[in-house]
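Taking it in order: structure first as structure tokens, then the write-up.
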Amino acid sequence: MTMVNVRFKVNGEVVAAKGEPGDSIMQVAVRQQLPSIEGECGGELSCATCHVYADTQGFRPLSEEEGELLELVEERADNSRLSCQLILREEMTDIEVTIP
């Protein structure tokens, strides 16, 4: 199976990880025990504790529900997403996200 390289920028450092197609960025981050990615709801799109900054090209667009949850985030930016909604796909090779 093809693995996707995921680089997390967190606190000025880069943490490299791998995920399988079908994994969410949140699942990869939780497995790596990265700070600030709690994923309290387990990816059910109900908590916003997995906020990241990401180039979301290749991922599905921001849904209305995700947008509403992101309104609760203090450090929201134009490229803010909930990592539970960013699902890795086979054609992806390298993904980079920043954890606020």
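Residues are referred to by chain and number: the chain letter is A, B, ... according to the order shown in the structure tokens, the number counts from 1 in that chain, and ligands are numbered separately from 1 in the order shown.
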Tell me, counting only C-alpha atoms, for each residue of stretch 8-47 of chain A within 12 Å of stretch 64-68 of chain A, which pair of atoms is nearest and how far apart they are in Å to one decimal, in rows ordered by chain and increasing number, as a tab-separated table.
```
residue	atom	partner	partner_atom	distance
A:Gly43	CA	A:Glu66	CA	11.4
A:Glu44	CA	A:Glu66	CA	10.6
A:Leu45	CA	A:Glu66	CA	6.9
A:Ser46	CA	A:Glu66	CA	8.6
A:Cys47	CA	A:Glu66	CA	9.8
```
Residue neighbourhood stretch 69-79 of chain A, 12 Å, only C-alpha atoms, exclusion window fewer than 2 positions, as a list in words: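 Near stretch 69-79 of chain A, the qualifying residues are Glu44, Leu45, Ser46, Cys47, Ala48, Thr49, Cys50, His51, Val52, Tyr53, Ala54, Asp55, Thr56, Gln57, Pro61, Leu62, Ser63, Glu64, Glu65, Glu66, Gly67, Arg81, Leu82, Ser83, Gln85, Val97, Thr98, Ile99 and Pro100 of chain A.
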Selection export as a tab-separated table (two decimals), in the first residue's frame, atoms kept: N, CA, C and O atoms:
```tsv
chain	number	residue	atom	x	y	z
A	44	GLU	N	-15.56	13.32	14.51
A	44	GLU	CA	-17.00	13.40	14.23
A	44	GLU	C	-17.47	14.80	13.85
A	44	GLU	O	-18.66	15.05	13.77
A	45	LEU	N	-16.54	15.74	13.67
A	45	LEU	CA	-16.85	17.11	13.26
A	45	LEU	C	-17.75	17.80	14.27
A	45	LEU	O	-18.80	18.32	13.96
A	46	SER	N	-17.30	17.77	15.55
A	46	SER	CA	-18.12	18.42	16.57
A	46	SER	C	-17.32	19.17	17.63
A	46	SER	O	-17.90	19.62	18.60
A	47	CYS	N	-15.99	19.33	17.45
A	47	CYS	CA	-15.25	19.98	18.54
A	47	CYS	C	-14.23	21.04	18.12
A	47	CYS	O	-13.89	21.89	18.91
A	48	ALA	N	-13.66	20.99	16.96
A	48	ALA	CA	-12.64	21.94	16.47
A	48	ALA	C	-11.32	21.87	17.23
A	48	ALA	O	-10.54	22.81	17.20
A	49	THR	N	-11.02	20.75	17.90
A	49	THR	CA	-9.75	20.62	18.62
A	49	THR	C	-8.64	20.03	17.74
A	49	THR	O	-7.60	19.62	18.26
A	50	CYS	N	-8.85	20.02	16.44
A	50	CYS	CA	-7.83	19.50	15.52
A	50	CYS	C	-7.51	20.52	14.44
A	50	CYS	O	-7.11	20.18	13.33
A	51	HIS	N	-7.62	21.80	14.78
A	51	HIS	CA	-7.39	22.90	13.85
A	51	HIS	C	-5.94	22.91	13.36
A	51	HIS	O	-5.01	22.76	14.14
A	52	VAL	N	-5.78	23.07	12.05
A	52	VAL	CA	-4.46	23.21	11.43
A	52	VAL	C	-4.54	24.25	10.32
A	52	VAL	O	-5.63	24.65	9.91
A	53	TYR	N	-3.38	24.66	9.85
A	53	TYR	CA	-3.26	25.48	8.64
A	53	TYR	C	-2.73	24.54	7.56
A	53	TYR	O	-1.75	23.84	7.78
A	54	ALA	N	-3.39	24.55	6.40
A	54	ALA	CA	-2.97	23.60	5.36
A	54	ALA	C	-3.28	24.14	3.97
A	54	ALA	O	-4.23	24.88	3.77
A	55	ASP	N	-2.45	23.71	3.02
A	55	ASP	CA	-2.78	23.89	1.61
A	55	ASP	C	-3.74	22.76	1.30
A	55	ASP	O	-3.37	21.59	1.32
A	56	THR	N	-4.97	23.09	1.06
A	56	THR	CA	-5.99	22.05	0.95
A	56	THR	C	-6.26	21.59	-0.48
A	56	THR	O	-7.25	20.91	-0.73
A	57	GLN	N	-5.39	21.95	-1.40
A	57	GLN	CA	-5.54	21.47	-2.77
A	57	GLN	C	-5.50	19.94	-2.74
A	57	GLN	O	-4.62	19.33	-2.14
A	61	PRO	N	-13.58	20.29	-0.43
A	61	PRO	CA	-13.75	21.68	0.00
A	61	PRO	C	-14.32	21.79	1.41
A	61	PRO	O	-14.92	20.85	1.93
A	62	LEU	N	-14.14	22.95	1.99
A	62	LEU	CA	-14.66	23.26	3.32
A	62	LEU	C	-16.18	23.14	3.29
A	62	LEU	O	-16.84	23.75	2.46
A	63	SER	N	-16.73	22.35	4.21
A	63	SER	CA	-18.19	22.23	4.30
A	63	SER	C	-18.74	23.35	5.17
A	63	SER	O	-18.00	24.00	5.92
A	64	GLU	N	-20.02	23.57	5.08
A	64	GLU	CA	-20.66	24.60	5.90
A	64	GLU	C	-20.48	24.28	7.39
A	64	GLU	O	-20.17	25.17	8.19
A	65	GLU	N	-20.64	23.01	7.76
A	65	GLU	CA	-20.50	22.61	9.16
A	65	GLU	C	-19.07	22.84	9.67
A	65	GLU	O	-18.86	23.35	10.77
A	66	GLU	N	-18.08	22.50	8.84
A	66	GLU	CA	-16.69	22.73	9.23
A	66	GLU	C	-16.43	24.23	9.37
A	66	GLU	O	-15.77	24.67	10.32
A	67	GLY	N	-16.94	25.02	8.45
A	67	GLY	CA	-16.78	26.47	8.51
A	67	GLY	C	-17.36	27.06	9.79
A	67	GLY	O	-16.77	27.95	10.40
A	81	ARG	N	-8.21	24.72	8.57
A	81	ARG	CA	-9.07	23.56	8.34
A	81	ARG	C	-9.07	22.72	9.61
A	81	ARG	O	-8.19	22.84	10.46
A	82	LEU	N	-10.05	21.84	9.71
A	82	LEU	CA	-10.06	20.85	10.78
A	82	LEU	C	-9.40	19.61	10.19
A	82	LEU	O	-9.82	19.08	9.15
A	83	SER	N	-8.36	19.14	10.85
A	83	SER	CA	-7.57	18.04	10.28
A	83	SER	C	-8.36	16.74	10.18
A	83	SER	O	-8.00	15.86	9.40
A	85	GLN	N	-11.09	16.49	8.78
A	85	GLN	CA	-11.79	16.58	7.50
A	85	GLN	C	-10.84	16.49	6.31
A	85	GLN	O	-11.28	16.51	5.17
A	97	VAL	N	1.35	20.40	6.91
A	97	VAL	CA	0.38	21.16	7.68
A	97	VAL	C	1.10	21.85	8.83
A	97	VAL	O	2.13	21.36	9.32
A	98	THR	N	0.56	22.97	9.26
A	98	THR	CA	1.11	23.70	10.39
A	98	THR	C	0.10	23.63	11.53
A	98	THR	O	-1.09	23.89	11.32
A	99	ILE	N	0.59	23.27	12.70
A	99	ILE	CA	-0.26	23.23	13.88
A	99	ILE	C	-0.08	24.54	14.63
A	99	ILE	O	1.03	24.88	15.02
A	100	PRO	N	-1.20	25.29	14.79
A	100	PRO	CA	-1.06	26.58	15.48
A	100	PRO	C	-0.70	26.43	16.95
A	100	PRO	O	-0.88	25.40	17.53
```
Nearby residues (only C-alpha atoms) at most 6 Å from stretch 19-27 of chain A, same-chain spacing under 3 positions excluded, as number ranges by chain: A: 3-4, 30, 83-84, 86-90
Put those residues in a file: all heavy atoms, as a PDB file, in the first residue's frame.
```pdb
ATOM      1  N   MET A   3       2.009   4.795   0.993  1.00  0.00           N
ATOM      2  CA  MET A   3       1.913   5.648   2.175  1.00  0.00           C
ATOM      3  C   MET A   3       2.092   7.099   1.737  1.00  0.00           C
ATOM      4  O   MET A   3       2.763   7.386   0.755  1.00  0.00           O
ATOM      5  CB  MET A   3       2.984   5.280   3.207  1.00  0.00           C
ATOM      6  CG  MET A   3       2.879   3.850   3.716  1.00  0.00           C
ATOM      7  SD  MET A   3       1.396   3.547   4.686  1.00  0.00           S
ATOM      8  CE  MET A   3       1.866   4.259   6.246  1.00  0.00           C
ATOM      9  N   VAL A   4       1.473   7.999   2.490  1.00  0.00           N
ATOM     10  CA  VAL A   4       1.571   9.424   2.210  1.00  0.00           C
ATOM     11  C   VAL A   4       2.475  10.051   3.267  1.00  0.00           C
ATOM     12  O   VAL A   4       2.287   9.822   4.471  1.00  0.00           O
ATOM     13  CB  VAL A   4       0.175  10.088   2.238  1.00  0.00           C
ATOM     14  CG1 VAL A   4       0.292  11.581   1.959  1.00  0.00           C
ATOM     15  CG2 VAL A   4      -0.768   9.422   1.248  1.00  0.00           C
ATOM     16  N   VAL A  30      -2.581  12.312  15.862  1.00  0.00           N
ATOM     17  CA  VAL A  30      -2.847  11.679  17.162  1.00  0.00           C
ATOM     18  C   VAL A  30      -1.914  10.486  17.359  1.00  0.00           C
ATOM     19  O   VAL A  30      -1.365  10.284  18.444  1.00  0.00           O
ATOM     20  CB  VAL A  30      -4.335  11.291  17.286  1.00  0.00           C
ATOM     21  CG1 VAL A  30      -4.575  10.376  18.474  1.00  0.00           C
ATOM     22  CG2 VAL A  30      -5.199  12.540  17.391  1.00  0.00           C
ATOM     23  N   SER A  83      -8.358  19.135  10.852  1.00  0.00           N
ATOM     24  CA  SER A  83      -7.571  18.042  10.279  1.00  0.00           C
ATOM     25  C   SER A  83      -8.360  16.740  10.182  1.00  0.00           C
ATOM     26  O   SER A  83      -8.005  15.863   9.397  1.00  0.00           O
ATOM     27  CB  SER A  83      -6.273  17.849  11.054  1.00  0.00           C
ATOM     28  OG  SER A  83      -6.509  17.542  12.407  1.00  0.00           O
ATOM     29  N   CYS A  84      -9.454  16.612  10.932  1.00  0.00           N
ATOM     30  CA  CYS A  84     -10.284  15.413  10.813  1.00  0.00           C
ATOM     31  C   CYS A  84     -11.010  15.370   9.475  1.00  0.00           C
ATOM     32  O   CYS A  84     -11.482  14.307   9.049  1.00  0.00           O
ATOM     33  CB  CYS A  84     -11.292  15.313  11.961  1.00  0.00           C
ATOM     34  SG  CYS A  84     -12.575  16.585  11.973  1.00  0.00           S
ATOM     35  N   LEU A  86      -9.541  16.382   6.584  1.00  0.00           N
ATOM     36  CA  LEU A  86      -8.534  16.289   5.519  1.00  0.00           C
ATOM     37  C   LEU A  86      -8.130  14.825   5.394  1.00  0.00           C
ATOM     38  O   LEU A  86      -7.316  14.318   6.168  1.00  0.00           O
ATOM     39  CB  LEU A  86      -7.340  17.177   5.839  1.00  0.00           C
ATOM     40  CG  LEU A  86      -7.666  18.662   6.017  1.00  0.00           C
ATOM     41  CD1 LEU A  86      -6.419  19.431   6.438  1.00  0.00           C
ATOM     42  CD2 LEU A  86      -8.274  19.248   4.754  1.00  0.00           C
ATOM     43  N   ILE A  87      -8.726  14.141   4.433  1.00  0.00           N
ATOM     44  CA  ILE A  87      -8.529  12.703   4.263  1.00  0.00           C
ATOM     45  C   ILE A  87      -7.471  12.446   3.193  1.00  0.00           C
ATOM     46  O   ILE A  87      -7.552  12.974   2.073  1.00  0.00           O
ATOM     47  CB  ILE A  87      -9.854  12.012   3.866  1.00  0.00           C
ATOM     48  CG1 ILE A  87     -10.982  12.384   4.840  1.00  0.00           C
ATOM     49  CG2 ILE A  87      -9.667  10.495   3.766  1.00  0.00           C
ATOM     50  CD1 ILE A  87     -10.743  12.019   6.283  1.00  0.00           C
ATOM     51  N   LEU A  88      -6.476  11.628   3.553  1.00  0.00           N
ATOM     52  CA  LEU A  88      -5.399  11.297   2.611  1.00  0.00           C
ATOM     53  C   LEU A  88      -5.933  10.419   1.484  1.00  0.00           C
ATOM     54  O   LEU A  88      -6.774   9.546   1.717  1.00  0.00           O
ATOM     55  CB  LEU A  88      -4.269  10.580   3.352  1.00  0.00           C
ATOM     56  CG  LEU A  88      -3.612  11.368   4.486  1.00  0.00           C
ATOM     57  CD1 LEU A  88      -2.582  10.505   5.196  1.00  0.00           C
ATOM     58  CD2 LEU A  88      -2.984  12.645   3.965  1.00  0.00           C
ATOM     59  N   ARG A  89      -5.407  10.668   0.284  1.00  0.00           N
ATOM     60  CA  ARG A  89      -5.802   9.886  -0.883  1.00  0.00           C
ATOM     61  C   ARG A  89      -4.561   9.273  -1.520  1.00  0.00           C
ATOM     62  O   ARG A  89      -3.459   9.779  -1.370  1.00  0.00           O
ATOM     63  CB  ARG A  89      -6.542  10.786  -1.877  1.00  0.00           C
ATOM     64  CG  ARG A  89      -7.812  11.333  -1.264  1.00  0.00           C
ATOM     65  CD  ARG A  89      -8.670  12.187  -2.157  1.00  0.00           C
ATOM     66  NE  ARG A  89      -8.254  12.278  -3.535  1.00  0.00           N
ATOM     67  CZ  ARG A  89      -8.354  13.400  -4.253  1.00  0.00           C
ATOM     68  NH1 ARG A  89      -8.828  14.501  -3.722  1.00  0.00           N
ATOM     69  NH2 ARG A  89      -7.970  13.416  -5.506  1.00  0.00           N
ATOM     70  N   GLU A  90      -4.748   8.191  -2.254  1.00  0.00           N
ATOM     71  CA  GLU A  90      -3.634   7.454  -2.856  1.00  0.00           C
ATOM     72  C   GLU A  90      -2.739   8.303  -3.730  1.00  0.00           C
ATOM     73  O   GLU A  90      -1.532   8.121  -3.746  1.00  0.00           O
ATOM     74  CB  GLU A  90      -4.161   6.269  -3.676  1.00  0.00           C
ATOM     75  CG  GLU A  90      -4.207   5.013  -2.865  1.00  0.00           C
ATOM     76  CD  GLU A  90      -4.459   3.792  -3.714  1.00  0.00           C
ATOM     77  OE1 GLU A  90      -3.731   3.578  -4.710  1.00  0.00           O
ATOM     78  OE2 GLU A  90      -5.374   3.047  -3.356  1.00  0.00           O
TER      79      GLU A  90
END
```
Chain A: which residues are alpha helix (DSSP H) by DSSP, as a list in words? Ile25, Met26, Gln27, Val28, Ala29, Val30, Arg31, Glu64, Glu65, Glu66, Gly67, Glu68, Leu69 and Leu70 of chain A
For the residues selected in the previous step, produce a file with C-alpha atoms as a PDB file, in the first residue's frame.
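Now in part_26.pdb:
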```
ATOM      1  CA  ILE A  25      -4.549  14.202   9.043  1.00  0.00           C
ATOM      2  CA  MET A  26      -5.967  14.186  12.600  1.00  0.00           C
ATOM      3  CA  GLN A  27      -5.499  10.409  12.904  1.00  0.00           C
ATOM      4  CA  VAL A  28      -1.880  10.699  11.753  1.00  0.00           C
ATOM      5  CA  ALA A  29      -1.244  13.545  14.250  1.00  0.00           C
ATOM      6  CA  VAL A  30      -2.847  11.679  17.162  1.00  0.00           C
ATOM      7  CA  ARG A  31      -0.760   8.557  16.412  1.00  0.00           C
ATOM      8  CA  GLU A  64     -20.664  24.597   5.905  1.00  0.00           C
ATOM      9  CA  GLU A  65     -20.498  22.606   9.160  1.00  0.00           C
ATOM     10  CA  GLU A  66     -16.690  22.732   9.230  1.00  0.00           C
ATOM     11  CA  GLY A  67     -16.784  26.472   8.511  1.00  0.00           C
ATOM     12  CA  GLU A  68     -19.139  27.026  11.446  1.00  0.00           C
ATOM     13  CA  LEU A  69     -16.825  25.128  13.808  1.00  0.00           C
ATOM     14  CA  LEU A  70     -13.815  27.079  12.549  1.00  0.00           C
TER      15      LEU A  70
END
```
Write out as a list in words each polymer residue whose atoms come within 9 Å of A:Asp94, counting only C-alpha atoms; drop sequence neighbours fewer than 4 positions from it.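 These residues fall inside the cut-off: Val4, Asn5, Val6 and Arg7 of chain A.
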Taking the DSSP secondary structure from the backbone, can you list the residues of chain A that are strand (DSSP E or B), as a list in words?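 Strand (DSSP E or B) members of chain A, listed: Val4, Asn5, Val6, Arg7, Phe8, Lys9, Val10, Glu13, Val14, Val15, Ala16, Ala17, Lys18, Gly19, Ser24, His51, Val52, Tyr53, Ala54, Ser80, Arg81, Leu82, Ile87, Asp94, Ile95, Glu96, Val97, Thr98 and Ile99 of chain A.
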